[in-house]
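Take a look at the structure set out below.
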Amino acid sequence: GDSVTQMEGPVTLSEEAFLTINCTYTATGYPSLFWYVQYPGEGLQLLLKATKADDKGSNKGFEATYRKETTSFHLEKGSVQVSDSAVYFCALTASNTGKLIFGQGTTLQVKP
Amino acid sequence: DAGVIQSPRHEVTEMGQEVTLRCKPISGHNSLFWYRQTMMRGLELLIYFNNNVPIDDSGMPEDRFSAKMPNASFSTLKIQPSEPRDSAVYFCASSLAGGQNEQFFGPGTRLTVL
């Protein structure tokens, strides 16, 4: 079945460091891909998305490119801030129902 | 827009008691999702509805769990009887139907079963 695999966390970085969180997926068909972020004590919120191969989603300095050939959707940011500390979830939906399949989440901690 | 509204935000109950969690989706959204989040199992989809009709309840862990959506603006998730292993954060999310549409999550209900 469809699945999403994220890199294990936690990831600990110093402020202004470069961030990469790896995400790979397995799906039949042509899924849409998402990154959601969960700040402490809150629900998940959409960070960015891409709906077809080679699309790049971007928001708040974060970027991810839909790579069909490597079935990947890695999240990157050039310079992280303390306020980026959160749990990041990669997800896909491969049907018109909107059902999301989430990865296990990666905790990011940014230190000043 | 107020976003997805969940109540209560926190619930503490004793084993064996009935628990009802409530969700009001964003107006105009026709898909609604219930999730459970724990440290051990991560984020799990329990059930989802399209146009008030349950589409997939394969994630509902046991018969003790039931969910209803009597109209487009209200859904409940009920646990009867509750057990300590049900302790988790339960999220409700809504979206417009369609695979490319964003799901909007509520703030969650933190359930503790003693």
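Just remember, in the structure tokens the first chain shown is A, the second B, etc., residues are 1-based per chain, and ligands are 1-based in the order shown.
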
Using only C-alpha atoms, I'd like a table of the residues in chain A that come within 10 Å of chain B; for each, show the closest atom pair and its distance in Å rounded to one decimal, ordered by chain and ascending number, as a Markdown table.
| residue | atom | partner | partner_atom | distance |
| --- | --- | --- | --- | --- |
| A:Pro31 | CA | B:Gly99 | CA | 8.0 |
| A:Ser32 | CA | B:Gln100 | CA | 6.0 |
| A:Leu33 | CA | B:Gln100 | CA | 8.4 |
| A:Phe34 | CA | B:Glu102 | CA | 8.6 |
| A:Tyr36 | CA | B:Gln103 | CA | 9.6 |
| A:Gly41 | CA | B:Pro107 | CA | 7.7 |
| A:Glu42 | CA | B:Pro107 | CA | 5.2 |
| A:Gly43 | CA | B:Pro107 | CA | 4.6 |
| A:Leu44 | CA | B:Phe105 | CA | 5.7 |
| A:Gln45 | CA | B:Phe105 | CA | 6.5 |
| A:Leu46 | CA | B:Glu102 | CA | 6.8 |
| A:Leu47 | CA | B:Glu102 | CA | 9.9 |
| A:Leu48 | CA | B:Glu102 | CA | 9.4 |
| A:Lys49 | CA | B:Gln100 | CA | 8.6 |
| A:Ala50 | CA | B:Gln100 | CA | 8.5 |
| A:Thr51 | CA | B:Gln100 | CA | 6.6 |
| A:Lys52 | CA | B:Gln100 | CA | 10.0 |
| A:Phe89 | CA | B:Leu43 | CA | 9.5 |
| A:Leu92 | CA | B:Gly99 | CA | 8.9 |
| A:Thr93 | CA | B:Gly99 | CA | 5.7 |
| A:Ala94 | CA | B:Gly99 | CA | 6.6 |
| A:Ser95 | CA | B:Gly99 | CA | 5.4 |
| A:Asn96 | CA | B:Gly99 | CA | 4.2 |
| A:Thr97 | CA | B:Gly98 | CA | 5.4 |
| A:Gly98 | CA | B:Gly99 | CA | 4.1 |
| A:Lys99 | CA | B:Gly99 | CA | 7.3 |
| A:Leu100 | CA | B:Leu45 | CA | 8.2 |
| A:Ile101 | CA | B:Leu45 | CA | 8.3 |
| A:Phe102 | CA | B:Leu43 | CA | 7.2 |
| A:Gly103 | CA | B:Leu43 | CA | 8.4 |
| A:Gln104 | CA | B:Gly42 | CA | 5.9 |
| A:Gly105 | CA | B:Gly42 | CA | 7.6 |

Write out as a count of residues only each polymer residue whose atoms come within 7 Å of region 61-72 of chain A, counting only C-alpha atoms; drop sequence neighbours fewer than 4 positions from it.
12

From a DSSP calculation on the backbone, collect every residue of chain B in strand (DSSP E) and output the set as a ChimeraX atom specification.
/B:5-7,10-13,19-24,31-38,42-50,53-56,65-71,74-79,88-95,104-105,109-113

Set the distance at 8 Å and use only C-alpha atoms: which residues neighbour region 73-79 of chain B once local chain neighbours fewer than 3 positions away are removed? I'd like the list as an mmCIF file with N, CA, C and O atoms, in the first residue's frame.
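The resulting part.cif:
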data_model
loop_
_atom_site.group_PDB
_atom_site.id
_atom_site.type_symbol
_atom_site.label_atom_id
_atom_site.label_comp_id
_atom_site.auth_asym_id
_atom_site.auth_seq_id
_atom_site.Cartn_x
_atom_site.Cartn_y
_atom_site.Cartn_z
ATOM 1 N N GLU B 18 -17.862 6.769 29.543
ATOM 2 C CA GLU B 18 -18.085 7.146 28.149
ATOM 3 C C GLU B 18 -17.478 8.520 27.904
ATOM 4 O O GLU B 18 -17.597 9.421 28.742
ATOM 5 N N VAL B 19 -16.835 8.653 26.766
ATOM 6 C CA VAL B 19 -16.219 9.926 26.383
ATOM 7 C C VAL B 19 -16.761 10.332 25.021
ATOM 8 O O VAL B 19 -16.838 9.507 24.101
ATOM 9 N N THR B 20 -17.148 11.586 24.886
ATOM 10 C CA THR B 20 -17.614 12.110 23.603
ATOM 11 C C THR B 20 -16.802 13.335 23.231
ATOM 12 O O THR B 20 -16.753 14.310 23.976
ATOM 13 N N LEU B 21 -16.175 13.257 22.075
ATOM 14 C CA LEU B 21 -15.409 14.370 21.539
ATOM 15 C C LEU B 21 -16.195 14.996 20.403
ATOM 16 O O LEU B 21 -16.838 14.287 19.613
ATOM 17 N N ARG B 22 -16.096 16.313 20.296
ATOM 18 C CA ARG B 22 -16.928 17.032 19.338
ATOM 19 C C ARG B 22 -16.088 17.845 18.367
ATOM 20 O O ARG B 22 -15.010 18.332 18.721
ATOM 21 N N CYS B 23 -16.642 18.005 17.165
ATOM 22 C CA CYS B 23 -15.911 18.739 16.133
ATOM 23 C C CYS B 23 -16.887 19.514 15.261
ATOM 24 O O CYS B 23 -17.908 18.981 14.825
ATOM 25 N N LYS B 24 -16.541 20.761 15.014
ATOM 26 C CA LYS B 24 -17.265 21.583 14.054
ATOM 27 C C LYS B 24 -16.305 21.910 12.928
ATOM 28 O O LYS B 24 -15.326 22.634 13.137
ATOM 29 N N PRO B 25 -16.563 21.404 11.710
ATOM 30 C CA PRO B 25 -15.642 21.683 10.602
ATOM 31 C C PRO B 25 -15.805 23.103 10.076
ATOM 32 O O PRO B 25 -16.744 23.808 10.452
ATOM 33 N N ILE B 26 -14.906 23.481 9.204
ATOM 34 C CA ILE B 26 -15.004 24.782 8.558
ATOM 35 C C ILE B 26 -16.214 24.781 7.625
ATOM 36 O O ILE B 26 -16.441 23.807 6.892
ATOM 37 N N SER B 27 -16.975 25.832 7.670
ATOM 38 C CA SER B 27 -18.177 25.930 6.849
ATOM 39 C C SER B 27 -17.832 25.790 5.375
ATOM 40 O O SER B 27 -16.903 26.434 4.868
ATOM 41 N N TRP B 34 -11.055 12.225 11.441
ATOM 42 C CA TRP B 34 -10.660 12.075 12.847
ATOM 43 C C TRP B 34 -9.329 11.333 12.912
ATOM 44 O O TRP B 34 -9.173 10.258 12.323
ATOM 45 N N ARG B 64 -15.401 -0.262 20.561
ATOM 46 C CA ARG B 64 -15.646 0.738 21.610
ATOM 47 C C ARG B 64 -15.670 2.151 21.017
ATOM 48 O O ARG B 64 -16.170 3.075 21.641
ATOM 49 N N PHE B 65 -15.104 2.291 19.820
ATOM 50 C CA PHE B 65 -15.042 3.591 19.160
ATOM 51 C C PHE B 65 -16.172 3.692 18.133
ATOM 52 O O PHE B 65 -16.400 2.758 17.351
ATOM 53 N N SER B 66 -16.834 4.840 18.119
ATOM 54 C CA SER B 66 -17.841 5.091 17.093
ATOM 55 C C SER B 66 -17.822 6.576 16.740
ATOM 56 O O SER B 66 -17.459 7.421 17.573
ATOM 57 N N ALA B 67 -18.168 6.882 15.510
ATOM 58 C CA ALA B 67 -18.188 8.272 15.051
ATOM 59 C C ALA B 67 -19.447 8.518 14.248
ATOM 60 O O ALA B 67 -19.924 7.629 13.536
ATOM 61 N N LYS B 68 -19.954 9.737 14.382
ATOM 62 C CA LYS B 68 -21.148 10.125 13.649
ATOM 63 C C LYS B 68 -20.960 11.514 13.060
ATOM 64 O O LYS B 68 -20.200 12.327 13.581
ATOM 65 N N MET B 69 -21.699 11.760 12.002
ATOM 66 C CA MET B 69 -21.734 13.098 11.428
ATOM 67 C C MET B 69 -23.177 13.362 11.016
ATOM 68 O O MET B 69 -23.554 13.106 9.858
ATOM 69 N N PRO B 70 -24.005 13.822 11.920
ATOM 70 C CA PRO B 70 -25.434 13.978 11.636
ATOM 71 C C PRO B 70 -25.741 15.086 10.643
ATOM 72 O O PRO B 70 -26.798 15.045 9.997
ATOM 73 N N SER B 82 -14.264 3.678 27.956
ATOM 74 C CA SER B 82 -12.895 4.130 27.745
ATOM 75 C C SER B 82 -11.902 3.289 28.550
ATOM 76 O O SER B 82 -12.259 2.704 29.584
#
